[in-house]
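Below: upload32.pdb (PDB, C-alpha atoms)
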```
MODEL        1
ATOM      1  CA  MET V 132     -11.202  -1.129 -25.843  1.00  0.00           C
ATOM      2  CA  LEU V 133      -9.056  -3.987 -27.123  1.00  0.00           C
ATOM      3  CA  LEU V 134     -10.924  -7.265 -27.511  1.00  0.00           C
ATOM      4  CA  TYR V 135      -9.775 -10.609 -28.874  1.00  0.00           C
ATOM      5  CA  TYR V 136     -11.151 -13.177 -31.294  1.00  0.00           C
ATOM      6  CA  PHE V 137      -9.743 -16.726 -31.226  1.00  0.00           C
ATOM      7  CA  THR V 138     -10.023 -18.999 -34.251  1.00  0.00           C
ATOM      8  CA  GLN V 139      -8.403 -21.819 -36.205  1.00  0.00           C
ATOM      9  CA  LYS V 140      -5.606 -21.262 -38.725  1.00  0.00           C
ATOM     10  CA  LYS V 141      -7.768 -21.778 -41.815  1.00  0.00           C
ATOM     11  CA  TYR V 142     -10.491 -19.389 -40.731  1.00  0.00           C
ATOM     12  CA  GLY V 143      -8.057 -16.888 -39.253  1.00  0.00           C
ATOM     13  CA  LEU V 144      -6.133 -16.477 -42.502  1.00  0.00           C
ATOM     14  CA  GLU V 145      -9.389 -16.377 -44.452  1.00  0.00           C
ATOM     15  CA  ASN V 146     -10.741 -13.686 -42.122  1.00  0.00           C
ATOM     16  CA  LEU V 147      -7.583 -11.650 -42.638  1.00  0.00           C
ATOM     17  CA  GLN V 148      -7.703 -12.039 -46.403  1.00  0.00           C
ATOM     18  CA  LYS V 149     -11.364 -11.063 -46.678  1.00  0.00           C
ATOM     19  CA  GLN V 150     -11.222  -8.659 -43.722  1.00  0.00           C
ATOM     20  CA  ARG V 151     -14.342  -9.933 -41.996  1.00  0.00           C
ATOM     21  CA  LEU V 152     -15.632 -12.121 -39.152  1.00  0.00           C
ATOM     22  CA  LYS V 153     -18.470 -14.622 -39.255  1.00  0.00           C
ATOM     23  CA  ILE V 154     -21.653 -13.608 -37.480  1.00  0.00           C
ATOM     24  CA  SER V 155     -22.791 -16.428 -35.206  1.00  0.00           C
ATOM     25  CA  ASP V 156     -26.327 -17.731 -34.962  1.00  0.00           C
ATOM     26  CA  PHE V 157     -27.819 -18.052 -31.460  1.00  0.00           C
ATOM     27  CA  SER V 158     -29.350 -21.391 -32.403  1.00  0.00           C
ATOM     28  CA  ASN V 159     -25.890 -22.878 -33.094  1.00  0.00           C
ATOM     29  CA  VAL V 160     -23.739 -21.581 -30.231  1.00  0.00           C
ATOM     30  CA  ASN V 161     -21.943 -23.992 -27.890  1.00  0.00           C
ATOM     31  CA  ASP V 162     -23.896 -23.112 -24.720  1.00  0.00           C
ATOM     32  CA  PRO V 163     -27.266 -24.950 -24.561  1.00  0.00           C
ATOM     33  CA  PHE V 164     -28.451 -22.412 -21.969  1.00  0.00           C
ATOM     34  CA  GLU V 165     -27.949 -19.436 -24.302  1.00  0.00           C
ATOM     35  CA  LEU V 166     -30.942 -17.048 -23.917  1.00  0.00           C
ATOM     36  CA  LEU V 167     -32.317 -19.430 -21.261  1.00  0.00           C
ATOM     37  CA  GLY V 168     -30.799 -17.847 -18.165  1.00  0.00           C
ATOM     38  CA  VAL V 169     -34.197 -17.656 -16.460  1.00  0.00           C
ATOM     39  CA  GLU V 170     -35.423 -20.331 -14.034  1.00  0.00           C
ATOM     40  CA  LEU V 171     -37.894 -22.358 -16.121  1.00  0.00           C
ATOM     41  CA  SER V 172     -39.673 -24.780 -13.788  1.00  0.00           C
ATOM     42  CA  ASP V 173     -42.957 -22.984 -14.446  1.00  0.00           C
ATOM     43  CA  ARG V 174     -44.625 -24.042 -17.708  1.00  0.00           C
ATOM     44  CA  ASP V 175     -45.928 -20.589 -18.583  1.00  0.00           C
ATOM     45  CA  THR V 176     -42.484 -19.104 -18.035  1.00  0.00           C
ATOM     46  CA  ARG V 177     -41.003 -21.719 -20.367  1.00  0.00           C
ATOM     47  CA  LYS V 178     -43.473 -20.722 -23.070  1.00  0.00           C
ATOM     48  CA  VAL V 179     -42.620 -17.035 -22.736  1.00  0.00           C
ATOM     49  CA  VAL V 180     -38.855 -17.580 -22.713  1.00  0.00           C
ATOM     50  CA  THR V 181     -38.986 -20.090 -25.572  1.00  0.00           C
ATOM     51  CA  TYR V 182     -40.909 -17.539 -27.621  1.00  0.00           C
ATOM     52  CA  GLU V 183     -38.426 -14.769 -26.786  1.00  0.00           C
ATOM     53  CA  LYS V 184     -35.497 -17.039 -27.655  1.00  0.00           C
ATOM     54  CA  SER V 185     -37.032 -17.914 -31.013  1.00  0.00           C
ATOM     55  CA  LYS V 186     -37.757 -14.260 -31.775  1.00  0.00           C
ATOM     56  CA  ILE V 187     -34.282 -13.069 -30.781  1.00  0.00           C
ATOM     57  CA  SER V 188     -32.590 -15.881 -32.718  1.00  0.00           C
ATOM     58  CA  SER V 189     -34.493 -15.007 -35.882  1.00  0.00           C
ATOM     59  CA  GLU V 190     -33.541 -11.324 -35.675  1.00  0.00           C
ATOM     60  CA  ILE V 191     -30.152 -11.020 -33.990  1.00  0.00           C
ATOM     61  CA  GLY V 192     -26.705 -12.483 -34.593  1.00  0.00           C
ATOM     62  CA  LEU V 193     -23.546 -12.036 -32.553  1.00  0.00           C
ATOM     63  CA  LEU V 194     -19.784 -11.713 -32.668  1.00  0.00           C
ATOM     64  CA  CYS V 195     -18.035 -13.047 -29.566  1.00  0.00           C
ATOM     65  CA  PHE V 196     -14.865 -11.436 -28.232  1.00  0.00           C
ATOM     66  CA  SER V 197     -12.823 -11.793 -25.064  1.00  0.00           C
ATOM     67  CA  SER V 198     -11.011  -9.184 -23.010  1.00  0.00           C
ATOM     68  CA  ASN V 199      -8.408 -11.859 -22.127  1.00  0.00           C
ATOM     69  CA  LYS V 200      -5.797 -12.848 -24.713  1.00  0.00           C
ATOM     70  CA  TYR V 201      -3.726 -14.704 -22.102  1.00  0.00           C
ATOM     71  CA  SER V 202      -6.080 -17.610 -21.325  1.00  0.00           C
ATOM     72  CA  PRO V 203      -4.549 -21.009 -22.207  1.00  0.00           C
ATOM     73  CA  VAL V 204      -8.041 -22.514 -22.023  1.00  0.00           C
ATOM     74  CA  GLN V 205      -9.389 -20.189 -24.699  1.00  0.00           C
ATOM     75  CA  TRP V 206      -6.375 -20.858 -26.883  1.00  0.00           C
ATOM     76  CA  ALA V 207      -7.055 -24.591 -26.463  1.00  0.00           C
ATOM     77  CA  HIS V 208     -10.824 -24.455 -27.029  1.00  0.00           C
ATOM     78  CA  TYR V 209     -11.154 -21.829 -29.737  1.00  0.00           C
ATOM     79  CA  ALA V 210      -7.762 -21.654 -31.454  1.00  0.00           C
ATOM     80  CA  ASP V 211      -7.319 -25.325 -32.326  1.00  0.00           C
ATOM     81  CA  ASN V 212      -5.246 -26.340 -29.304  1.00  0.00           C
ATOM     82  CA  HIS V 213      -2.810 -23.426 -29.721  1.00  0.00           C
ATOM     83  CA  LYS V 214      -2.298 -24.107 -33.447  1.00  0.00           C
ATOM     84  CA  GLY V 215      -4.574 -21.237 -34.431  1.00  0.00           C
ATOM     85  CA  ILE V 216      -4.607 -17.490 -34.242  1.00  0.00           C
ATOM     86  CA  CYS V 217      -5.936 -14.659 -32.070  1.00  0.00           C
ATOM     87  CA  LEU V 218      -7.008 -11.376 -33.640  1.00  0.00           C
ATOM     88  CA  GLY V 219      -6.985  -8.269 -31.464  1.00  0.00           C
ATOM     89  CA  PHE V 220      -9.474  -5.531 -32.338  1.00  0.00           C
ATOM     90  CA  GLU V 221      -9.997  -2.009 -31.147  1.00  0.00           C
ATOM     91  CA  VAL V 222     -13.755  -2.068 -30.623  1.00  0.00           C
ATOM     92  CA  SER V 223     -16.039   0.849 -29.832  1.00  0.00           C
ATOM     93  CA  ASP V 224     -17.246   0.465 -26.245  1.00  0.00           C
ATOM     94  CA  GLU V 225     -20.838   1.310 -27.132  1.00  0.00           C
ATOM     95  CA  LYS V 226     -20.936  -1.446 -29.755  1.00  0.00           C
ATOM     96  CA  VAL V 227     -20.421  -4.362 -27.348  1.00  0.00           C
ATOM     97  CA  LYS V 228     -22.137  -5.755 -24.277  1.00  0.00           C
ATOM     98  CA  GLU V 229     -20.271  -7.392 -21.415  1.00  0.00           C
ATOM     99  CA  ILE V 230     -21.506 -10.806 -20.326  1.00  0.00           C
ATOM    100  CA  LYS V 231     -22.614 -11.211 -16.711  1.00  0.00           C
ATOM    101  CA  TYR V 232     -21.828 -14.582 -15.156  1.00  0.00           C
ATOM    102  CA  VAL V 233     -24.196 -15.996 -12.529  1.00  0.00           C
ATOM    103  CA  SER V 234     -24.268 -19.058 -10.286  1.00  0.00           C
ATOM    104  CA  GLU V 235     -28.067 -19.435 -10.371  1.00  0.00           C
ATOM    105  CA  ARG V 236     -30.753 -18.913 -12.991  1.00  0.00           C
ATOM    106  CA  LEU V 237     -32.436 -15.515 -12.997  1.00  0.00           C
ATOM    107  CA  SER V 238     -35.853 -15.101 -11.411  1.00  0.00           C
ATOM    108  CA  LYS V 239     -38.816 -15.234 -13.790  1.00  0.00           C
ATOM    109  CA  SER V 240     -39.729 -11.773 -12.494  1.00  0.00           C
ATOM    110  CA  ILE V 241     -37.154 -10.266 -14.875  1.00  0.00           C
ATOM    111  CA  LEU V 242     -39.558 -11.050 -17.716  1.00  0.00           C
ATOM    112  CA  GLU V 243     -41.586  -8.076 -16.524  1.00  0.00           C
ATOM    113  CA  ASP V 244     -38.597  -5.738 -16.904  1.00  0.00           C
ATOM    114  CA  LYS V 245     -38.216  -3.426 -19.892  1.00  0.00           C
ATOM    115  CA  ASP V 246     -34.663  -4.685 -20.392  1.00  0.00           C
ATOM    116  CA  LYS V 247     -35.572  -8.379 -20.154  1.00  0.00           C
ATOM    117  CA  ASN V 248     -34.147  -9.172 -23.586  1.00  0.00           C
ATOM    118  CA  GLU V 249     -30.817  -7.565 -22.734  1.00  0.00           C
ATOM    119  CA  LYS V 250     -30.650  -9.685 -19.584  1.00  0.00           C
ATOM    120  CA  LEU V 251     -31.373 -12.802 -21.625  1.00  0.00           C
ATOM    121  CA  LEU V 252     -28.686 -11.770 -24.131  1.00  0.00           C
ATOM    122  CA  THR V 253     -25.993 -11.078 -21.552  1.00  0.00           C
ATOM    123  CA  THR V 254     -26.418 -13.744 -18.851  1.00  0.00           C
ATOM    124  CA  LYS V 255     -24.365 -16.942 -18.729  1.00  0.00           C
ATOM    125  CA  PHE V 256     -23.483 -19.585 -16.133  1.00  0.00           C
ATOM    126  CA  LYS V 257     -20.415 -18.722 -14.054  1.00  0.00           C
ATOM    127  CA  HIS V 258     -18.422 -21.696 -15.383  1.00  0.00           C
ATOM    128  CA  TRP V 259     -18.069 -19.738 -18.622  1.00  0.00           C
ATOM    129  CA  SER V 260     -16.503 -16.794 -16.813  1.00  0.00           C
ATOM    130  CA  TYR V 261     -12.972 -17.703 -17.974  1.00  0.00           C
ATOM    131  CA  GLU V 262     -14.015 -16.399 -21.393  1.00  0.00           C
ATOM    132  CA  LYS V 263     -14.442 -12.808 -20.125  1.00  0.00           C
ATOM    133  CA  GLU V 264     -16.817 -12.371 -23.012  1.00  0.00           C
ATOM    134  CA  PHE V 265     -18.009  -9.237 -24.725  1.00  0.00           C
ATOM    135  CA  ARG V 266     -20.440  -9.621 -27.578  1.00  0.00           C
ATOM    136  CA  MET V 267     -21.356  -7.441 -30.498  1.00  0.00           C
ATOM    137  CA  LEU V 268     -24.993  -7.884 -31.479  1.00  0.00           C
ATOM    138  CA  THR V 269     -26.082  -7.413 -35.085  1.00  0.00           C
ATOM    139  CA  LYS V 270     -29.378  -7.239 -36.914  1.00  0.00           C
ATOM    140  CA  LEU V 271     -29.395 -10.193 -39.281  1.00  0.00           C
ATOM    141  CA  THR V 272     -31.334  -8.234 -41.878  1.00  0.00           C
ATOM    142  CA  ASP V 273     -28.368  -5.834 -42.211  1.00  0.00           C
ATOM    143  CA  TYR V 274     -26.156  -8.614 -43.607  1.00  0.00           C
ATOM    144  CA  LYS V 275     -26.863 -10.575 -46.759  1.00  0.00           C
ATOM    145  CA  PRO V 276     -26.188 -14.326 -46.383  1.00  0.00           C
ATOM    146  CA  ASP V 277     -23.784 -16.008 -48.789  1.00  0.00           C
ATOM    147  CA  ASP V 278     -24.449 -19.212 -50.727  1.00  0.00           C
ATOM    148  CA  LYS V 279     -23.853 -21.218 -47.517  1.00  0.00           C
ATOM    149  CA  ASN V 280     -26.319 -19.038 -45.598  1.00  0.00           C
ATOM    150  CA  LEU V 281     -23.474 -17.490 -43.589  1.00  0.00           C
ATOM    151  CA  ARG V 282     -23.272 -13.806 -42.726  1.00  0.00           C
ATOM    152  CA  PHE V 283     -20.108 -11.764 -42.181  1.00  0.00           C
ATOM    153  CA  LYS V 284     -19.255  -8.390 -40.710  1.00  0.00           C
ATOM    154  CA  SER V 285     -16.405  -6.511 -42.366  1.00  0.00           C
ATOM    155  CA  PHE V 286     -13.589  -4.883 -40.439  1.00  0.00           C
ATOM    156  CA  ASP V 287     -14.533  -1.224 -39.989  1.00  0.00           C
ATOM    157  CA  SER V 288     -14.163   1.743 -37.651  1.00  0.00           C
ATOM    158  CA  ASP V 289     -16.206  -0.070 -34.989  1.00  0.00           C
ATOM    159  CA  MET V 290     -13.972  -3.152 -35.227  1.00  0.00           C
ATOM    160  CA  LYS V 291     -10.447  -2.171 -36.222  1.00  0.00           C
ATOM    161  CA  LEU V 292      -7.741  -4.838 -36.381  1.00  0.00           C
ATOM    162  CA  LYS V 293      -4.691  -3.925 -34.255  1.00  0.00           C
ATOM    163  CA  GLU V 294      -2.896  -7.162 -33.270  1.00  0.00           C
ATOM    164  CA  ILE V 295      -2.390 -10.700 -34.549  1.00  0.00           C
ATOM    165  CA  TYR V 296      -1.109 -13.404 -32.186  1.00  0.00           C
ATOM    166  CA  LEU V 297       0.067 -16.780 -33.482  1.00  0.00           C
ATOM    167  CA  GLY V 298      -0.473 -19.831 -31.282  1.00  0.00           C
ATOM    168  CA  HIS V 299       2.683 -21.345 -29.798  1.00  0.00           C
ATOM    169  CA  ARG V 300       2.004 -24.605 -31.684  1.00  0.00           C
ATOM    170  CA  SER V 301       1.059 -22.802 -34.881  1.00  0.00           C
ATOM    171  CA  ASN V 302       2.932 -23.299 -38.143  1.00  0.00           C
ATOM    172  CA  ILE V 303       1.555 -20.048 -39.555  1.00  0.00           C
ATOM    173  CA  SER V 304       4.432 -18.034 -41.024  1.00  0.00           C
ATOM    174  CA  PHE V 305       4.807 -14.289 -41.166  1.00  0.00           C
ATOM    175  CA  SER V 306       4.762 -14.544 -44.954  1.00  0.00           C
ATOM    176  CA  GLN V 307       1.342 -16.240 -44.834  1.00  0.00           C
ATOM    177  CA  VAL V 308       0.013 -13.413 -42.692  1.00  0.00           C
ATOM    178  CA  GLU V 309       1.519 -10.784 -45.013  1.00  0.00           C
ATOM    179  CA  GLU V 310       0.008 -12.514 -48.050  1.00  0.00           C
ATOM    180  CA  SER V 311      -3.390 -12.477 -46.340  1.00  0.00           C
ATOM    181  CA  PHE V 312      -3.456  -8.990 -44.872  1.00  0.00           C
ATOM    182  CA  ASN V 313      -1.755  -5.623 -45.194  1.00  0.00           C
ATOM    183  CA  SER V 314      -2.919  -2.391 -43.599  1.00  0.00           C
ATOM    184  CA  SER V 315      -2.210   0.810 -45.480  1.00  0.00           C
ATOM    185  CA  ASP V 316      -0.229   2.264 -42.577  1.00  0.00           C
ATOM    186  CA  LYS V 317       1.445  -0.936 -41.304  1.00  0.00           C
ATOM    187  CA  SER V 318      -0.365  -0.453 -37.993  1.00  0.00           C
ATOM    188  CA  VAL V 319      -1.105  -4.131 -37.196  1.00  0.00           C
ATOM    189  CA  THR V 320       1.455  -6.009 -35.097  1.00  0.00           C
ATOM    190  CA  VAL V 321       2.017  -9.757 -35.557  1.00  0.00           C
ATOM    191  CA  LYS V 322       3.518 -11.672 -32.612  1.00  0.00           C
ATOM    192  CA  HIS V 323       4.359 -15.222 -31.601  1.00  0.00           C
ATOM    193  CA  THR V 324       3.158 -16.599 -28.256  1.00  0.00           C
ATOM    194  CA  ARG V 325       4.433 -19.061 -25.660  1.00  0.00           C
ATOM    195  CA  PRO V 326       3.409 -20.424 -22.236  1.00  0.00           C
ATOM    196  CA  ALA V 327       4.531 -18.049 -19.466  1.00  0.00           C
ATOM    197  CA  PHE V 328       7.356 -19.078 -17.131  1.00  0.00           C
ATOM    198  CA  ARG V 329       5.863 -17.839 -13.851  1.00  0.00           C
ATOM    199  CA  ASP V 330       2.116 -18.349 -14.115  1.00  0.00           C
ATOM    200  CA  PHE V 331      -0.610 -20.081 -16.110  1.00  0.00           C
ATOM    201  CA  ARG V 332      -0.861 -17.638 -19.011  1.00  0.00           C
ATOM    202  CA  ILE V 333      -0.063 -17.462 -22.696  1.00  0.00           C
ATOM    203  CA  VAL V 334       2.200 -14.492 -23.399  1.00  0.00           C
ATOM    204  CA  TRP V 335       4.039 -12.726 -26.204  1.00  0.00           C
ATOM    205  CA  ASP V 336       7.222 -14.630 -27.052  1.00  0.00           C
ATOM    206  CA  ARG V 337       9.762 -11.814 -27.008  1.00  0.00           C
ATOM    207  CA  SER V 338      12.561 -14.181 -28.031  1.00  0.00           C
ATOM    208  CA  LYS V 339      11.045 -14.182 -31.531  1.00  0.00           C
ATOM    209  CA  LYS V 340      10.737 -11.175 -33.761  1.00  0.00           C
ATOM    210  CA  SER V 341       7.452  -9.433 -34.429  1.00  0.00           C
ATOM    211  CA  ILE V 342       6.445  -7.648 -37.608  1.00  0.00           C
ATOM    212  CA  LYS V 343       4.044  -4.941 -38.769  1.00  0.00           C
ATOM    213  CA  VAL V 344       1.593  -5.600 -41.570  1.00  0.00           C
TER     214      VAL V 344
ENDMDL
END
```
If you took the structure in this file and wrote it as structure tokens, what would it be?
Amino acid sequence: MLLYYFTQKKYGLENLQKQRLKISDFSNVNDPFELLGVELSDRDTRKVVTYEKSKISSEIGLLCFSSNKYSPVQWAHYADNHKGICLGFEVSDEKVKEIKYVSERLSKSILEDKDKNEKLLTTKFKHWSYEKEFRMLTKLTDYKPDDKNLRFKSFDSDMKLKEIYLGHRSNISFSQVEESFNSSDKSVTVKHTRPAFRDFRIVWDRSKKSIKV
């Protein structure tokens, strides 16, 4: 499937140059309810879930993608108010998990389920549903941290770059993209974007040329 990764100009060009994406840490994501989708009014339940969250966070990292490249809200929040970039990847279906959005916290009874950790990993409040998130989970021990204690996953057959979209307020030039990234078969398309004329979406600006890199 095609999934999309929004980011700022600086990091987008750096990701293209080094052909990798940063692996996020569950303890530093922007949702304070991450891994806490269970109803926690019971003290014992809080202890169990807090332990599971700590254990998961110490072992697993994540890469967050969206199935929706058209969302003006995502462009605003994650691509520096439309000045950034969106990278489109062909991702193996079995390598990602789709987020389930709920209006109420899950029952504590799910902690007795064999797949309780998967439910904790893939449940978010419905107000996040605009993200249409899919996440790729990684074992942190598989990736050596750099000198800033950051981990990165390289582009590979499970995460193959196919498209590059430039924000409609971006000053990123085609030459900057070409200097940062070139595929051996010129299979990656670079496009400009603009606000749609008929609805609330961000779309490919066909009045401007696109290139292959």
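Neighbouring residues of Ser314 of chain V at 10 Å or closer, counting only C-alpha atoms and skipping chain neighbours under 6 positions away, are Leu292, Lys293, Lys343 and Val344 of chain V.
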Hey, what comes out of the PyMOL selection byres ((chain V and resi 244-255) around 8) on this file? Could you write it as a compact mmCIF listing (two decimals) with C-alpha atoms, in the frame of the given file?
```txt
# COMPACT_ATOMS: atom_id res chain seq x y z
CA PHE V 164 -28.45 -22.41 -21.97
CA GLU V 165 -27.95 -19.44 -24.30
CA LEU V 166 -30.94 -17.05 -23.92
CA LEU V 167 -32.32 -19.43 -21.26
CA GLY V 168 -30.80 -17.85 -18.16
CA VAL V 169 -34.20 -17.66 -16.46
CA GLU V 183 -38.43 -14.77 -26.79
CA LYS V 228 -22.14 -5.76 -24.28
CA GLU V 229 -20.27 -7.39 -21.42
CA ILE V 230 -21.51 -10.81 -20.33
CA LYS V 231 -22.61 -11.21 -16.71
CA TYR V 232 -21.83 -14.58 -15.16
CA VAL V 233 -24.20 -16.00 -12.53
CA SER V 240 -39.73 -11.77 -12.49
CA ILE V 241 -37.15 -10.27 -14.88
CA LEU V 242 -39.56 -11.05 -17.72
CA GLU V 243 -41.59 -8.08 -16.52
CA PHE V 256 -23.48 -19.58 -16.13
CA LYS V 257 -20.42 -18.72 -14.05
CA TRP V 259 -18.07 -19.74 -18.62
```
>> I'd like the neighbourhood of Ser288 of chain V as a PyMOL selection string, where a residue qualifies if any of its atoms comes within 10 Å (using only C-alpha atoms), though same-chain residues fewer than 4 positions away should be ignored.
In response: chain V and resi 221-223+292
>> Applying 8 Å and all atoms listed in the file, which residues near Arg151 of chain V remain after dropping the ones on its own chain fewer than 2 positions away? List them as a PyMOL selection string.
In response: chain V and resi 146-147+149+153+283-286
Selection to disk with C-alpha atoms, as a PDB file, in the coordinates of the input:
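Output (selection03.pdb):
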```pdb
ATOM      1  CA  ASN V 146     -10.741 -13.686 -42.122  1.00  0.00           C
ATOM      2  CA  LEU V 147      -7.583 -11.650 -42.638  1.00  0.00           C
ATOM      3  CA  LYS V 149     -11.364 -11.063 -46.678  1.00  0.00           C
ATOM      4  CA  LYS V 153     -18.470 -14.622 -39.255  1.00  0.00           C
ATOM      5  CA  PHE V 283     -20.108 -11.764 -42.181  1.00  0.00           C
ATOM      6  CA  LYS V 284     -19.255  -8.390 -40.710  1.00  0.00           C
ATOM      7  CA  SER V 285     -16.405  -6.511 -42.366  1.00  0.00           C
ATOM      8  CA  PHE V 286     -13.589  -4.883 -40.439  1.00  0.00           C
TER       9      PHE V 286
END
```
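Across the structure, atom CA of Ser238 of chain V and atom CA of Pro163 of chain V are spaced 18.5 Å apart.
The coordinates place atom CA of Asn313 of chain V at 16.0 Å from atom CA of Met290 of chain V.
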Could you write out as a PDB file with C-alpha atoms, keeping the file's coordinate frame the residues that the PyMOL selection byres ((chain V and resi 270-280) around 8) matches in the shown file?
```
ATOM      1  CA  SER V 189     -34.493 -15.007 -35.882  1.00  0.00           C
ATOM      2  CA  GLU V 190     -33.541 -11.324 -35.675  1.00  0.00           C
ATOM      3  CA  ILE V 191     -30.152 -11.020 -33.990  1.00  0.00           C
ATOM      4  CA  GLY V 192     -26.705 -12.483 -34.593  1.00  0.00           C
ATOM      5  CA  LEU V 268     -24.993  -7.884 -31.479  1.00  0.00           C
ATOM      6  CA  THR V 269     -26.082  -7.413 -35.085  1.00  0.00           C
ATOM      7  CA  LEU V 281     -23.474 -17.490 -43.589  1.00  0.00           C
ATOM      8  CA  ARG V 282     -23.272 -13.806 -42.726  1.00  0.00           C
ATOM      9  CA  PHE V 283     -20.108 -11.764 -42.181  1.00  0.00           C
ATOM     10  CA  LYS V 284     -19.255  -8.390 -40.710  1.00  0.00           C
TER      11      LYS V 284
END
```
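From atom CA of Asp156 of chain V back to atom CA of Lys186 of chain V, the distance works out to 12.4 Å.
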> Could you write out as a PyMOL selection string the residues that the PyMOL selection byres ((chain V and resi 266) around 6) matches in the shown file?
Replying inline: chain V and resi 194-196+227-228+265+267
>> Could you list, as an MDAnalysis selection string, every residue within 10 Å of Phe137 of chain V, counting all atoms listed in the file and ignoring same-chain residues fewer than 5 positions away?
In response: chainID V and resid 142:143 195:197 200 205:211 213 215:219 296 298
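Among the candidates V:Ser188, V:Ser202, V:Gln139, V:Ser304, the one nearest to Ala327 of chain V when counting all atoms listed in the file is V:Ser202.
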> Can you list, as a list in words, every protein, DNA or RNA residue that comes within 8 Å of segment 305-311 of chain V when you count all atoms listed in the file, leaving out same-chain residues fewer than 4 positions away?
Replying inline: Leu144, Glu145, Leu147, Gln148, Val321, Ile342 and Val344 of chain V
